[in-house]
$ cat work15.pdb   # PDB, C-alpha atoms
ATOM      1  CA  MET A   1       0.000   0.000   0.000
ATOM      2  CA  PRO A   2       1.437   3.442  -0.915
ATOM      3  CA  HIS A   3       2.610   5.523   2.006
ATOM      4  CA  ASP A   4       3.341   8.959   0.592
ATOM      5  CA  HIS A   5       2.914  11.200   3.632
ATOM      6  CA  HIS A   6       5.888  10.909   5.970
ATOM      7  CA  ASP A   7       5.632  13.546   8.659
ATOM      8  CA  HIS A   8       7.509  11.551  11.289
ATOM      9  CA  SER A   9      10.957  10.071  11.683
ATOM     10  CA  HIS A  10      11.685   6.347  11.862
ATOM     11  CA  GLU A  11      15.088   6.943  13.393
ATOM     12  CA  GLY A  12      15.278   5.654  16.953
ATOM     13  CA  LEU A  13      11.586   5.919  17.844
ATOM     14  CA  SER A  14       8.310   4.926  16.260
ATOM     15  CA  PRO A  15       5.459   7.464  15.870
ATOM     16  CA  SER A  16       4.088   6.268  19.213
ATOM     17  CA  GLY A  17       7.371   7.014  20.932
ATOM     18  CA  HIS A  18       8.395   3.379  21.409
ATOM     19  CA  PRO A  19      11.856   2.128  20.343
ATOM     20  CA  TYR A  20      11.771   1.386  16.639
ATOM     21  CA  ARG A  21      12.462  -2.117  15.366
ATOM     22  CA  ALA A  22      12.866  -2.827  11.690
ATOM     23  CA  ASP A  23      10.540  -5.328  10.078
ATOM     24  CA  ASN A  24      11.827  -8.876  10.011
ATOM     25  CA  ASP A  25      10.343  -9.732   6.621
ATOM     26  CA  THR A  26      12.933 -12.277   5.607
ATOM     27  CA  GLY A  27      12.372 -15.326   3.453
ATOM     28  CA  LEU A  28      11.486 -18.698   4.931
ATOM     29  CA  SER A  29      14.356 -20.904   6.025
ATOM     30  CA  TYR A  30      14.811 -24.422   4.662
ATOM     31  CA  TRP A  31      13.397 -25.921   7.856
ATOM     32  CA  GLN A  32      10.372 -23.609   7.844
ATOM     33  CA  VAL A  33       9.568 -24.632   4.280
ATOM     34  CA  MET A  34       9.945 -28.310   5.225
ATOM     35  CA  GLU A  35       7.648 -27.872   8.235
ATOM     36  CA  ILE A  36       4.934 -26.213   6.163
ATOM     37  CA  ALA A  37       5.191 -28.841   3.433
ATOM     38  CA  LEU A  38       5.044 -31.749   5.892
ATOM     39  CA  ARG A  39       2.144 -30.220   7.818
ATOM     40  CA  GLU A  40       0.105 -29.606   4.670
ATOM     41  CA  LEU A  41       0.864 -33.105   3.381
ATOM     42  CA  LEU A  42      -0.271 -34.732   6.636
ATOM     43  CA  ILE A  43      -3.521 -32.765   6.500
ATOM     44  CA  GLU A  44      -4.040 -33.536   2.815
ATOM     45  CA  LYS A  45      -3.524 -37.286   3.399
ATOM     46  CA  GLY A  46      -5.956 -37.282   6.300
ATOM     47  CA  HIS A  47      -3.431 -38.268   8.983
ATOM     48  CA  LEU A  48      -4.062 -35.065  10.947
ATOM     49  CA  THR A  49      -6.489 -32.186  10.886
ATOM     50  CA  ALA A  50      -5.673 -28.512  11.167
ATOM     51  CA  ALA A  51      -7.652 -28.440  14.411
ATOM     52  CA  GLN A  52      -5.487 -31.208  15.898
ATOM     53  CA  ILE A  53      -2.319 -29.355  14.984
ATOM     54  CA  HIS A  54      -3.612 -26.106  16.489
ATOM     55  CA  ALA A  55      -4.650 -27.955  19.650
ATOM     56  CA  GLN A  56      -1.144 -29.375  20.034
ATOM     57  CA  ILE A  57       0.423 -25.950  19.504
ATOM     58  CA  ASN A  58      -1.866 -24.498  22.160
ATOM     59  CA  ALA A  59      -0.956 -27.341  24.515
ATOM     60  CA  MET A  60       2.748 -26.629  24.015
ATOM     61  CA  ASP A  61       2.230 -22.914  24.579
ATOM     62  CA  SER A  62       0.382 -23.611  27.847
ATOM     63  CA  ARG A  63       3.389 -25.377  29.381
ATOM     64  CA  SER A  64       5.382 -23.265  31.793
ATOM     65  CA  PRO A  65       7.929 -23.576  34.626
ATOM     66  CA  ALA A  66       4.957 -23.808  36.990
ATOM     67  CA  ASN A  67       4.624 -27.464  35.963
ATOM     68  CA  GLY A  68       8.179 -28.272  36.996
ATOM     69  CA  ALA A  69       7.753 -26.240  40.171
ATOM     70  CA  ARG A  70       4.879 -28.481  41.206
ATOM     71  CA  VAL A  71       7.058 -31.562  40.671
ATOM     72  CA  VAL A  72       9.888 -30.113  42.765
ATOM     73  CA  ALA A  73       7.522 -29.035  45.535
ATOM     74  CA  ARG A  74       6.083 -32.554  45.682
ATOM     75  CA  ALA A  75       9.612 -33.957  45.979
ATOM     76  CA  TRP A  76      10.346 -31.589  48.865
ATOM     77  CA  VAL A  77       7.375 -32.737  50.927
ATOM     78  CA  ASP A  78       7.088 -36.397  49.862
ATOM     79  CA  LEU A  79      10.257 -38.457  50.292
ATOM     80  CA  GLU A  80       8.677 -41.469  48.591
ATOM     81  CA  PHE A  81       7.842 -39.384  45.528
ATOM     82  CA  LYS A  82      11.332 -37.878  45.587
ATOM     83  CA  ALA A  83      12.880 -41.343  45.485
ATOM     84  CA  ALA A  84      10.619 -42.279  42.574
ATOM     85  CA  LEU A  85      11.533 -39.043  40.775
ATOM     86  CA  LEU A  86      15.259 -39.714  41.124
ATOM     87  CA  ASP A  87      14.742 -43.283  39.950
ATOM     88  CA  ASN A  88      12.525 -42.485  36.940
ATOM     89  CA  ALA A  89      11.685 -38.815  36.545
ATOM     90  CA  GLY A  90       9.461 -39.332  33.516
ATOM     91  CA  GLU A  91       7.246 -41.914  35.169
ATOM     92  CA  ALA A  92       7.052 -39.977  38.436
ATOM     93  CA  SER A  93       6.020 -36.824  36.554
ATOM     94  CA  ARG A  94       3.334 -38.769  34.711
ATOM     95  CA  THR A  95       1.777 -39.741  38.050
ATOM     96  CA  MET A  96       1.171 -36.014  38.561
ATOM     97  CA  GLY A  97      -0.583 -35.769  35.198
ATOM     98  CA  PHE A  98       2.261 -34.325  33.129
ATOM     99  CA  ASP A  99       2.725 -35.735  29.639
ATOM    100  CA  ILE A 100       6.473 -36.244  29.302
ATOM    101  CA  GLY A 101       6.260 -38.036  25.972
ATOM    102  CA  PRO A 102       8.918 -40.525  24.875
ATOM    103  CA  MET A 103      11.941 -38.564  26.081
ATOM    104  CA  HIS A 104      14.127 -39.905  28.881
ATOM    105  CA  LEU A 105      13.851 -37.417  31.758
ATOM    106  CA  ILE A 106      16.446 -37.452  34.538
ATOM    107  CA  ALA A 107      16.088 -35.621  37.859
ATOM    108  CA  LEU A 108      19.261 -34.275  39.474
ATOM    109  CA  GLU A 109      19.307 -33.444  43.183
ATOM    110  CA  ASN A 110      21.328 -30.517  44.486
ATOM    111  CA  THR A 111      22.860 -31.090  47.914
ATOM    112  CA  ASN A 112      25.328 -29.367  50.234
ATOM    113  CA  GLU A 113      28.117 -31.216  48.433
ATOM    114  CA  VAL A 114      26.992 -31.216  44.787
ATOM    115  CA  HIS A 115      25.473 -28.566  42.543
ATOM    116  CA  ASN A 116      24.053 -29.596  39.164
ATOM    117  CA  VAL A 117      23.661 -27.341  36.136
ATOM    118  CA  VAL A 118      22.102 -28.228  32.790
ATOM    119  CA  VAL A 119      23.162 -27.172  29.300
ATOM    120  CA  CYS A 120      22.641 -28.316  25.731
ATOM    121  CA  THR A 121      25.930 -27.884  23.900
ATOM    122  CA  LEU A 122      24.509 -28.704  20.462
ATOM    123  CA  CYS A 123      21.282 -26.688  20.332
ATOM    124  CA  SER A 124      18.535 -26.086  22.890
ATOM    125  CA  CYS A 125      17.284 -29.480  24.125
ATOM    126  CA  TYR A 126      15.166 -28.705  27.172
ATOM    127  CA  PRO A 127      12.356 -30.359  29.198
ATOM    128  CA  ARG A 128       9.664 -28.177  27.623
ATOM    129  CA  ASN A 129       6.890 -30.429  28.929
ATOM    130  CA  LEU A 130       7.736 -29.269  32.447
ATOM    131  CA  LEU A 131       9.504 -25.945  31.960
ATOM    132  CA  GLY A 132       7.888 -24.475  28.854
ATOM    133  CA  LEU A 133      10.022 -22.733  26.231
ATOM    134  CA  PRO A 134      13.729 -22.313  27.019
ATOM    135  CA  PRO A 135      14.974 -18.790  27.761
ATOM    136  CA  ASP A 136      16.999 -17.051  25.057
ATOM    137  CA  TRP A 137      20.227 -17.230  27.050
ATOM    138  CA  TYR A 138      19.927 -21.035  27.285
ATOM    139  CA  LYS A 139      20.035 -21.196  23.477
ATOM    140  CA  SER A 140      22.924 -18.745  23.130
ATOM    141  CA  ARG A 141      26.297 -19.936  21.879
ATOM    142  CA  ALA A 142      28.016 -18.298  24.850
ATOM    143  CA  TYR A 143      26.039 -20.280  27.430
ATOM    144  CA  ARG A 144      26.284 -23.527  25.474
ATOM    145  CA  SER A 145      30.044 -23.316  25.101
ATOM    146  CA  ARG A 146      31.187 -21.615  28.296
ATOM    147  CA  THR A 147      29.127 -23.610  30.795
ATOM    148  CA  VAL A 148      31.083 -26.799  30.139
ATOM    149  CA  ILE A 149      34.429 -24.975  30.279
ATOM    150  CA  GLU A 150      34.015 -22.513  33.151
ATOM    151  CA  PRO A 151      30.755 -23.371  34.951
ATOM    152  CA  ARG A 152      31.592 -21.525  38.172
ATOM    153  CA  LYS A 153      32.281 -18.304  36.288
ATOM    154  CA  VAL A 154      29.031 -18.643  34.330
ATOM    155  CA  LEU A 155      27.063 -19.305  37.517
ATOM    156  CA  LEU A 156      28.657 -16.277  39.154
ATOM    157  CA  GLU A 157      27.450 -14.135  36.251
ATOM    158  CA  PHE A 158      23.934 -15.364  37.074
ATOM    159  CA  GLY A 159      24.511 -14.180  40.650
ATOM    160  CA  LEU A 160      25.138 -17.659  42.048
ATOM    161  CA  SER A 161      28.323 -17.960  44.130
ATOM    162  CA  LEU A 162      29.076 -21.479  45.320
ATOM    163  CA  PRO A 163      31.487 -22.602  48.064
ATOM    164  CA  GLU A 164      34.853 -23.766  46.735
ATOM    165  CA  GLN A 165      34.399 -27.188  48.309
ATOM    166  CA  MET A 166      31.093 -27.770  46.490
ATOM    167  CA  GLN A 167      31.373 -29.954  43.403
ATOM    168  CA  VAL A 168      29.777 -28.568  40.230
ATOM    169  CA  ARG A 169      28.458 -31.118  37.762
ATOM    170  CA  VAL A 170      27.479 -30.062  34.236
ATOM    171  CA  HIS A 171      24.936 -32.209  32.397
ATOM    172  CA  ASP A 172      24.579 -32.045  28.613
ATOM    173  CA  SER A 173      21.033 -32.534  27.333
ATOM    174  CA  THR A 174      20.366 -34.387  24.088
ATOM    175  CA  ALA A 175      17.378 -34.896  21.792
ATOM    176  CA  ASP A 176      16.507 -38.086  23.682
ATOM    177  CA  MET A 177      17.580 -37.205  27.218
ATOM    178  CA  ARG A 178      16.599 -34.129  29.236
ATOM    179  CA  TYR A 179      17.270 -33.047  32.814
ATOM    180  CA  ILE A 180      15.479 -31.219  35.590
ATOM    181  CA  VAL A 181      17.297 -30.058  38.712
ATOM    182  CA  ILE A 182      15.739 -30.564  42.139
ATOM    183  CA  PRO A 183      17.180 -27.579  44.027
ATOM    184  CA  ALA A 184      17.915 -27.828  47.713
ATOM    185  CA  GLN A 185      14.948 -26.641  49.739
ATOM    186  CA  PRO A 186      15.579 -23.298  51.501
ATOM    187  CA  GLU A 187      15.452 -23.554  55.283
ATOM    188  CA  ASP A 188      13.004 -20.645  55.441
ATOM    189  CA  SER A 189      10.468 -22.688  53.488
ATOM    190  CA  PHE A 190      10.326 -25.707  55.794
ATOM    191  CA  GLY A 191       6.822 -26.350  57.086
ATOM    192  CA  LEU A 192       5.018 -24.719  54.165
ATOM    193  CA  SER A 193       2.371 -26.543  52.157
ATOM    194  CA  GLU A 194       3.175 -28.132  48.821
ATOM    195  CA  GLU A 195       1.164 -25.466  47.031
ATOM    196  CA  ALA A 196       3.052 -22.678  48.797
ATOM    197  CA  LEU A 197       6.411 -24.321  48.137
ATOM    198  CA  ALA A 198       5.750 -24.400  44.410
ATOM    199  CA  THR A 199       5.816 -20.593  44.388
ATOM    200  CA  TRP A 200       9.401 -20.688  45.693
ATOM    201  CA  VAL A 201      10.698 -22.820  42.819
ATOM    202  CA  THR A 202      12.122 -20.714  39.993
ATOM    203  CA  ARG A 203      12.799 -21.730  36.414
ATOM    204  CA  ASP A 204      16.489 -20.948  36.849
ATOM    205  CA  SER A 205      16.730 -23.160  39.927
ATOM    206  CA  MET A 206      15.446 -26.110  37.864
ATOM    207  CA  ILE A 207      18.172 -25.473  35.266
ATOM    208  CA  GLY A 208      20.803 -25.014  37.946
ATOM    209  CA  VAL A 209      21.786 -21.382  37.378
ATOM    210  CA  GLY A 210      19.706 -20.022  40.252
ATOM    211  CA  LEU A 211      18.201 -20.835  43.626
ATOM    212  CA  PRO A 212      14.627 -21.062  44.902
ATOM    213  CA  LEU A 213      13.338 -17.687  46.050
ATOM    214  CA  ALA A 214      10.638 -16.593  48.461
ATOM    215  CA  PRO A 215       7.742 -15.088  46.486
ATOM    216  CA  GLN A 216       7.573 -11.300  46.648
TER
END
$ encode --input "work15.pdb" --output "structure tokens"
Amino acid sequence: MPHDHHDHSHEGLSPSGHPYRADNDTGLSYWQVMEIALRELLIEKGHLTAAQIHAQINAMDSRSPANGARVVARAWVDLEFKAALLDNAGEASRTMGFDIGPMHLIALENTNEVHNVVVCTLCSCYPRNLLGLPPDWYKSRAYRSRTVIEPRKVLLEFGLSLPEQMQVRVHDSTADMRYIVIPAQPEDSFGLSEEALATWVTRDSMIGVGLPLAPQ
């Protein structure tokens, strides 16, 4: 559509005063084209319907760190569940109604002696069923490369300073195997209900770059 009357500047700010961002009207990538082609073929052949695909997308979008927080809170108050979670995290999570799918999920327990941190050195493999979409920094090349080389320095940049005597273990996720960290329960939270405890569990604490925090 023609736009002949420019009485405002696009430099720095938009007409509304918000920071200006250029349009991202780039062509489709190879993988985007493949996804569209496969999706349309599955619909055309009757294997799936558009409604089923949209329902699955909505289900994925509804997943958030709150799911993982509920699992951790249950582990804090139920030692039997915690043992089951450490033995088979996928099956234990399913007992709480979470669809883990076919992936192999492993729960890692942080203690006074060991601190676990999760990374995916190849891409961004992540337990989305429990934690939702991964944060941008988790997918960054810097995090993926540096965490396995200098984990203490990376953790310090997240504001997490660990005692020298504490062992730091870095776990590399894959397409078939994902991890969730069970952070150590803060002393100030002892005695709270499972529902209340879930509000203490942060996304970062389940990746291993942060600690549980009291809700504000």
$ resolve_selection --input "work15.pdb" --expression "the PyMOL selection byres ((chain A and resi 106-118) around 8)" --output "JSON, numbers by chain"
{"A": [85, 86, 88, 89, 90, 104, 105, 119, 120, 165, 166, 167, 168, 169, 170, 171, 172, 173, 177, 178, 179, 180, 181, 182, 183, 184, 207, 208, 209]}
$ resolve_selection --input "work15.pdb" --expression "the PyMOL selection byres ((chain A and resi 95-99) around 12)" --output "PyMOL selection string"
chain A and resi 59-60+63-64+66-75+81+84-85+88-94+100-103+105+127-131
$ atom_distance --input "work15.pdb" --atom1 "atom CA of A:Arg141" --atom2 "atom CA of A:Leu122"
9.1 Å
$ resolve_selection --input "work15.pdb" --expression "the PyMOL selection byres ((chain A and resi 138) around 10)" --output "ChimeraX atom specification"
/A:118-121,123-126,134-137,139-144,207
$ atom_distance --input "work15.pdb" --atom1 "atom CA of A:Val77" --atom2 "atom CA of A:Ser193"
8.1 Å
$ build_atoms --input "work15.pdb" --residues "stretch 182-193 of chain A" --atoms "all heavy atoms" --output "CSV table (one decimal), keeping the file's coordinate frame"
chain,number,residue,atom,x,y,z
A,182,ILE,N,16.5,-30.7,40.9
A,182,ILE,CA,15.7,-30.6,42.1
A,182,ILE,C,16.6,-29.7,43.1
A,182,ILE,O,17.6,-30.2,43.7
A,182,ILE,CB,15.4,-31.9,42.8
A,182,ILE,CG1,14.8,-32.9,41.8
A,182,ILE,CG2,14.6,-31.7,44.0
A,182,ILE,CD1,14.6,-34.3,42.4
A,183,PRO,N,16.3,-28.4,43.2
A,183,PRO,CA,17.2,-27.6,44.0
A,183,PRO,C,17.0,-27.9,45.5
A,183,PRO,O,16.0,-28.5,45.9
A,183,PRO,CB,16.7,-26.2,43.7
A,183,PRO,CG,15.3,-26.4,43.3
A,183,PRO,CD,15.2,-27.7,42.5
A,184,ALA,N,18.0,-27.6,46.3
A,184,ALA,CA,17.9,-27.8,47.7
A,184,ALA,C,16.8,-26.9,48.3
A,184,ALA,O,16.7,-25.7,47.9
A,184,ALA,CB,19.3,-27.6,48.4
A,185,GLN,N,16.0,-27.4,49.2
A,185,GLN,CA,14.9,-26.6,49.7
A,185,GLN,C,15.5,-25.6,50.7
A,185,GLN,O,16.3,-25.9,51.6
A,185,GLN,CB,13.9,-27.5,50.5
A,185,GLN,CG,12.7,-26.8,51.0
A,185,GLN,CD,11.7,-27.7,51.7
A,185,GLN,OE1,11.9,-28.9,51.6
A,185,GLN,NE2,10.7,-27.1,52.3
A,186,PRO,N,15.1,-24.3,50.6
A,186,PRO,CA,15.6,-23.3,51.5
A,186,PRO,C,15.0,-23.6,52.9
A,186,PRO,O,13.9,-24.0,53.1
A,186,PRO,CB,15.0,-22.0,50.9
A,186,PRO,CG,14.7,-22.3,49.5
A,186,PRO,CD,14.3,-23.8,49.5
A,187,GLU,N,15.9,-23.3,53.9
A,187,GLU,CA,15.5,-23.6,55.3
A,187,GLU,C,14.2,-22.7,55.7
A,187,GLU,O,13.4,-23.2,56.4
A,187,GLU,CB,16.6,-23.2,56.2
A,187,GLU,CG,17.8,-24.2,56.1
A,187,GLU,CD,18.8,-23.9,57.2
A,187,GLU,OE1,18.6,-23.0,58.0
A,187,GLU,OE2,19.9,-24.6,57.1
A,188,ASP,N,14.1,-21.5,55.1
A,188,ASP,CA,13.0,-20.6,55.4
A,188,ASP,C,11.7,-21.2,54.9
A,188,ASP,O,10.6,-20.7,55.4
A,188,ASP,CB,13.2,-19.2,54.8
A,188,ASP,CG,14.4,-18.5,55.5
A,188,ASP,OD1,14.8,-19.0,56.6
A,188,ASP,OD2,14.8,-17.5,55.0
A,189,SER,N,11.7,-22.2,54.1
A,189,SER,CA,10.5,-22.7,53.5
A,189,SER,C,10.0,-24.0,54.2
A,189,SER,O,8.9,-24.4,53.8
A,189,SER,CB,10.7,-23.0,52.0
A,189,SER,OG,11.5,-24.1,51.8
A,190,PHE,N,10.7,-24.5,55.1
A,190,PHE,CA,10.3,-25.7,55.8
A,190,PHE,C,9.0,-25.5,56.5
A,190,PHE,O,8.8,-24.4,57.2
A,190,PHE,CB,11.4,-26.2,56.8
A,190,PHE,CG,12.6,-26.8,56.1
A,190,PHE,CD1,13.9,-26.3,56.3
A,190,PHE,CD2,12.5,-27.9,55.3
A,190,PHE,CE1,15.0,-26.9,55.7
A,190,PHE,CE2,13.6,-28.5,54.7
A,190,PHE,CZ,14.8,-28.0,54.9
A,191,GLY,N,8.1,-26.4,56.4
A,191,GLY,CA,6.8,-26.4,57.1
A,191,GLY,C,5.7,-25.8,56.2
A,191,GLY,O,4.5,-25.9,56.6
A,192,LEU,N,6.0,-25.3,55.1
A,192,LEU,CA,5.0,-24.7,54.2
A,192,LEU,C,4.3,-25.8,53.4
A,192,LEU,O,4.8,-27.0,53.3
A,192,LEU,CB,5.6,-23.8,53.2
A,192,LEU,CG,6.3,-22.5,53.7
A,192,LEU,CD1,6.9,-21.7,52.6
A,192,LEU,CD2,5.3,-21.7,54.5
A,193,SER,N,3.1,-25.6,52.9
A,193,SER,CA,2.4,-26.5,52.2
A,193,SER,C,3.0,-26.7,50.8
A,193,SER,O,3.8,-25.9,50.3
A,193,SER,CB,0.9,-26.1,52.0
A,193,SER,OG,0.9,-24.9,51.1
